[in-house]
Amino acid sequence: MSYLKEVLGSRELLANLTLREIRGQYKRTVFGQLWSLVNPLAAMVVYTFVFSFIFRLKPAAGDPSGLDIFALWLLCGLLPWTFFVNTVTSGMGSLLANAGLVQKVSFSRIVLPLSSVGSIGYNWLIEMGVLLVALLLVGGSPLPWIPLTLLTMILLAIFATGLALMLSVANVHFRDTQYFLGIIMQIWMYMTPIIYPITLVQTQSDRVGGLFGTPITLLNVYETNPLERFVSVFRQLLYDNRWPDLNDLVTCALWAGVSLALGLWVFRKNEKGLAEAL
Amino acid sequence: MTEIAVVVDNISKRFRLYKERNQTLKSAVMRGRRSVHEDFWALKDVSFDVPVGSTFGLIGANGSGKSTLLKCLAKIYYPEKGSITSYGRVAALLEVGSGFHPELSGRENIFLNGSILGMSKREISRKFDEIVAFSGVESFIDQPVKNYSSGMYVRLGFSVAIHVDPDILVVDEVLAVGDAEFQEKCRQKFRDFRAAGRTVILVSHAMEMVQDMCDHAAWLNKGELVAFGGAEKTIAAYLGSLPGHEAAS
C-alpha cells in the first residue's frame, strides 16, 4: 500500500515524463503526430495486399454488423497488437535509455516504464479513434461499445505494463533480453490470429484431433495465448458490434492481473539495485 | 545540544568487482553461475552526525568514497549495512540538467526537470520567474535547449535545482559551473540557504571553497572516516597528511 502511495505521489512526474516522450517524439518533422498513423497504415496496406488479395483470405463477415472489409477486420486486431509490442519493447528499454537519470537522481523508478506505456498508449488512442471513424463511415455501429472497448484497452495496457516491468529489470542485468524479445514478438504475432482468422486454426485442429492421444487439441493450446483472447474481444466489440464472450473478457482481466502483480513484485525487489547495476 | 539533520549510522557500502561479468545470457548459462566477483567495500563503518543549519563538507582524496557516500545520502545507492536517517526533505544535486530533453524548450524543461527533482507543478509555477531570472537565460526561454550554449544549459539546470528548497541539500562538485558572475550568485544562494537555517552537505576538492563555506567537515580515506568535526581542524588535518607538494592542489 505504501508503494501505491509512492507511485501516486509521483503522478506529476509521470505525466511530465509522458509528455516529454509525446512532445519530443515528432519534433522537427513536417507531419508531426500524423507519423504515428503511418506505421499501422503501411502495415495494413501490405497485409491486405498479401493476405486478402494474393492469398484470398476471407474472414467471416461481422455478425451482426455485416461488415466485410479485410482491412478493417485486420486493424481491429493489428492496432492492439502494435500497441502491445511497442509498449513492451519501449518499457523494457526505458531504464537503460534513462540510465543517466537513474544514476543521478532519486525518484520512483517505476515512472520510467510507466511513462513509456503512457506515451505509446496516447498514440494508440488516436489510432483507435481513427479506426472508429472508419468503422462508422462504412456503416458499422461501434459507438455503444466504446466503454467496453476502453475497458479492454485498459486491461491490455495493464497486461503490457506487467511484462514491461519484468523485462525492464531483466534487460538491465542481461542486455540479451532486448534481442531475445524481438524474436519472441515476431513468433508471438504469428501465433495470434491477427492477420488470419482463428477459424483456419480450428480447421487444422479438427483435422489433427487430440494431440498425442490426449483430448487436448491444437486449438486448446493455441487459445492459451493471452493475446488471442484480447484480439478476439476487440473484434467482437468493434467489428462484430456485439457483447464479447464473458469468458474471454474475464480471461483477459485475469491475465492482466497476474502480469501486473508479477511485474510489480519483480520491479520492487530489484528497484534499489538499479543504479548500481546499470 | 544542537539539533541533528542527518544521522549516518555505521554504514558500509559494498561494490562487486566483476572479474568476468555475466551480462549476457550465454555466459551465464555456459559458466553455470552468474558471475565471478570480488567484494570491494567503498565505505567501511562510517558514522557521523550532521547538525541542522550547518554546511558540511566531505573531503578526501580521489577514490576515498566521498561520492559513494553522497549517493547513499541522495538515496541512489543503498548501503549494505547501517542506516542513514534524514530529518526533513532531501534534495540532491549530483548533476545539472537531469532529464533535459534537447528538443523541448527551456520552459518545458524547467517543468520536467523540476518534477524529476521532486517539485510539484504549483511549486514550479510559483518559482518560475525566479528560476528564469537566476539562470539569466530569459530571452531564450522558449527556445529548444539544444540551441543553448553549454554555459546556458548548465545555468538553467543549476537554477532549477537550487530552487527545490529542501531542508537538506546534497551537492556534488557542481558549483564550478558558469562564469565568475554566476558562481558568485551561487555562493550567495548557498549563504542565503545557510542563513535560512538549512543544511548543506557538499563534496569538493577545492579546499579554499570548503574552508570558505563549510563549518563542519568529514575526512574520508579509502572508505573509512579519518576525522570529523569543525571544518578548519579537519581540513588542516587533511592537508597536513598530504605530502608537501600536493598541499597546494
# chains A, B, ... in the order shown; residues from 1 in each chain; ligands from 1

$ residues_around --residues "Ile184 (chain A)" --least-positions-apart "6" --cutoff "12 Å" --atoms "only C-alpha atoms" --output "MDAnalysis selection string"
chainID A and resid 85 88:89 177:178 190:191

$ interface_residues --of "chain B" --to "chain A" --cutoff "10 Å" --atoms "only C-alpha atoms" --output "PyMOL selection string"
chain B and resi 15-16+22-26+28+71+74-78+90-104+108-109+111-121

$ residues_around --residues "region 2-13 of chain B" --least-positions-apart "4" --cutoff "7 Å" --atoms "only C-alpha atoms" --output "short mmCIF file (atom, residue, chain, number, x, y, z; two decimals) with N, CA and C atoms, in the first residue's frame"
data_model
loop_
_atom_site.label_atom_id
_atom_site.label_comp_id
_atom_site.auth_asym_id
_atom_site.auth_seq_id
_atom_site.Cartn_x
_atom_site.Cartn_y
_atom_site.Cartn_z
N TRP B 41 34.79 -2.88 -0.53
CA TRP B 41 34.00 -2.03 0.37
C TRP B 41 34.39 -0.58 0.15
N ALA B 42 33.50 0.16 -0.50
CA ALA B 42 33.79 1.56 -0.79
C ALA B 42 33.61 2.42 0.46
N LEU B 43 32.78 1.95 1.38
CA LEU B 43 32.60 2.64 2.65
C LEU B 43 32.65 1.60 3.75
N LYS B 44 33.41 1.90 4.79
CA LYS B 44 33.52 0.92 5.87
C LYS B 44 33.11 1.57 7.18
N ASP B 45 31.97 1.19 7.69
CA ASP B 45 31.59 1.59 9.03
C ASP B 45 31.70 3.09 9.29
N VAL B 46 31.12 3.85 8.41
CA VAL B 46 31.20 5.31 8.56
C VAL B 46 30.03 5.81 9.39
N SER B 47 30.31 6.59 10.43
CA SER B 47 29.23 7.20 11.22
C SER B 47 29.56 8.64 11.51
N PHE B 48 28.62 9.50 11.36
CA PHE B 48 28.74 10.88 11.84
C PHE B 48 27.37 11.53 11.85
N ASP B 49 27.26 12.66 12.50
CA ASP B 49 26.01 13.40 12.52
C ASP B 49 26.22 14.73 11.83
N VAL B 50 25.21 15.16 11.13
CA VAL B 50 25.27 16.48 10.51
C VAL B 50 24.28 17.38 11.26
N PRO B 51 24.78 18.42 11.93
CA PRO B 51 23.86 19.28 12.67
C PRO B 51 23.00 20.14 11.75
N VAL B 52 21.81 20.46 12.22
CA VAL B 52 20.90 21.30 11.44
C VAL B 52 21.53 22.67 11.23
N PRO B 79 23.05 1.45 1.30
CA PRO B 79 24.16 0.78 1.96
C PRO B 79 23.81 -0.65 2.35
N GLU B 80 24.83 -1.51 2.35
CA GLU B 80 24.61 -2.92 2.74
C GLU B 80 24.36 -3.02 4.24
N LYS B 81 25.11 -2.19 4.99
CA LYS B 81 24.95 -2.23 6.44
C LYS B 81 24.74 -0.81 6.94
N GLY B 82 24.13 -0.71 8.09
CA GLY B 82 23.93 0.60 8.69
C GLY B 82 22.77 1.35 8.08
N SER B 83 22.55 2.56 8.57
CA SER B 83 21.41 3.30 8.06
C SER B 83 21.71 4.80 8.05
N ILE B 84 20.96 5.48 7.21
CA ILE B 84 21.04 6.93 7.15
C ILE B 84 19.65 7.47 7.45
N THR B 85 19.56 8.31 8.45
CA THR B 85 18.26 8.90 8.78
C THR B 85 18.34 10.39 8.54
N SER B 86 17.42 10.88 7.71
CA SER B 86 17.40 12.32 7.45
C SER B 86 16.14 12.90 8.05
N TYR B 87 16.28 14.05 8.68
CA TYR B 87 15.10 14.72 9.23
C TYR B 87 14.79 15.91 8.33
#

$ atom_distance --atom1 "CA of Ser67 (chain B)" --atom2 "CA of Leu169 (chain B)"
14.5 Å

$ closest_atom_pairs --of "region 160-185 of chain A" --to "region 255-270 of chain A" --cutoff "12 Å" --atoms "only C-alpha atoms" --output "Markdown table"
| residue | atom | partner | partner_atom | distance |
| --- | --- | --- | --- | --- |
| A:Ala160 | CA | A:Ser259 | CA | 7.8 |
| A:Thr161 | CA | A:Leu260 | CA | 6.6 |
| A:Gly162 | CA | A:Leu260 | CA | 3.9 |
| A:Leu163 | CA | A:Gly263 | CA | 6.2 |
| A:Ala164 | CA | A:Gly263 | CA | 7.5 |
| A:Leu165 | CA | A:Gly263 | CA | 5.0 |
| A:Met166 | CA | A:Gly263 | CA | 4.8 |
| A:Leu167 | CA | A:Gly263 | CA | 8.4 |
| A:Ser168 | CA | A:Phe267 | CA | 8.3 |
| A:Val169 | CA | A:Phe267 | CA | 6.5 |
| A:Ala170 | CA | A:Val266 | CA | 9.3 |
| A:Asn171 | CA | A:Phe267 | CA | 11.8 |
| A:Val172 | CA | A:Asn270 | CA | 10.1 |
| A:His173 | CA | A:Asn270 | CA | 10.3 |

$ closest_atom_pairs --of "region 141-176 of chain A" --to "region 239-245 of chain A" --cutoff "10 Å" --atoms "only C-alpha atoms" --output "Markdown table"
| residue | atom | partner | partner_atom | distance |
| --- | --- | --- | --- | --- |
| A:Ser141 | CA | A:Asn241 | CA | 6.5 |
| A:Pro142 | CA | A:Asn241 | CA | 5.8 |
| A:Leu143 | CA | A:Asn241 | CA | 8.9 |
| A:Pro144 | CA | A:Asn241 | CA | 8.4 |
| A:Trp145 | CA | A:Asn241 | CA | 7.0 |
| A:Leu148 | CA | A:Trp243 | CA | 8.9 |
| A:Thr149 | CA | A:Pro244 | CA | 9.9 |

$ atom_distance --atom1 "CA of Ser135 (chain B)" --atom2 "CA of Met152 (chain B)"
7.5 Å

$ decode --residues "region 202-214 of chain B" --atoms "N, CA and C atoms" --output "PDB file, in the first residue's frame"
ATOM      1  N   LEU B 202      28.223  18.982   1.123  1.00  0.00           N
ATOM      2  CA  LEU B 202      28.852  19.065  -0.197  1.00  0.00           C
ATOM      3  C   LEU B 202      30.182  18.342  -0.243  1.00  0.00           C
ATOM      4  N   VAL B 203      30.501  17.933  -1.456  1.00  0.00           N
ATOM      5  CA  VAL B 203      31.776  17.271  -1.717  1.00  0.00           C
ATOM      6  C   VAL B 203      32.583  18.198  -2.575  1.00  0.00           C
ATOM      7  N   SER B 204      33.835  18.391  -2.226  1.00  0.00           N
ATOM      8  CA  SER B 204      34.649  19.230  -3.092  1.00  0.00           C
ATOM      9  C   SER B 204      36.127  18.919  -2.917  1.00  0.00           C
ATOM     10  N   HIS B 205      36.865  19.209  -3.963  1.00  0.00           N
ATOM     11  CA  HIS B 205      38.316  19.090  -3.877  1.00  0.00           C
ATOM     12  C   HIS B 205      38.935  20.452  -3.653  1.00  0.00           C
ATOM     13  N   ALA B 206      38.164  21.495  -3.888  1.00  0.00           N
ATOM     14  CA  ALA B 206      38.704  22.844  -3.745  1.00  0.00           C
ATOM     15  C   ALA B 206      38.676  23.233  -2.278  1.00  0.00           C
ATOM     16  N   MET B 207      39.845  23.108  -1.636  1.00  0.00           N
ATOM     17  CA  MET B 207      39.904  23.307  -0.194  1.00  0.00           C
ATOM     18  C   MET B 207      39.553  24.727   0.232  1.00  0.00           C
ATOM     19  N   GLU B 208      39.913  25.699  -0.619  1.00  0.00           N
ATOM     20  CA  GLU B 208      39.595  27.080  -0.236  1.00  0.00           C
ATOM     21  C   GLU B 208      38.095  27.245  -0.128  1.00  0.00           C
ATOM     22  N   MET B 209      37.408  26.589  -1.082  1.00  0.00           N
ATOM     23  CA  MET B 209      35.964  26.724  -1.086  1.00  0.00           C
ATOM     24  C   MET B 209      35.358  26.053   0.145  1.00  0.00           C
ATOM     25  N   VAL B 210      35.856  24.870   0.458  1.00  0.00           N
ATOM     26  CA  VAL B 210      35.347  24.170   1.630  1.00  0.00           C
ATOM     27  C   VAL B 210      35.603  25.020   2.875  1.00  0.00           C
ATOM     28  N   GLN B 211      36.817  25.563   2.928  1.00  0.00           N
ATOM     29  CA  GLN B 211      37.194  26.387   4.075  1.00  0.00           C
ATOM     30  C   GLN B 211      36.283  27.611   4.172  1.00  0.00           C
ATOM     31  N   ASP B 212      36.014  28.172   2.997  1.00  0.00           N
ATOM     32  CA  ASP B 212      35.219  29.391   2.938  1.00  0.00           C
ATOM     33  C   ASP B 212      33.761  29.138   3.320  1.00  0.00           C
ATOM     34  N   MET B 213      33.221  27.999   2.904  1.00  0.00           N
ATOM     35  CA  MET B 213      31.779  27.790   3.047  1.00  0.00           C
ATOM     36  C   MET B 213      31.363  26.895   4.205  1.00  0.00           C
ATOM     37  N   CYS B 214      32.206  25.930   4.545  1.00  0.00           N
ATOM     38  CA  CYS B 214      31.733  24.909   5.486  1.00  0.00           C
ATOM     39  C   CYS B 214      32.088  25.252   6.930  1.00  0.00           C
TER      40      CYS B 214
END
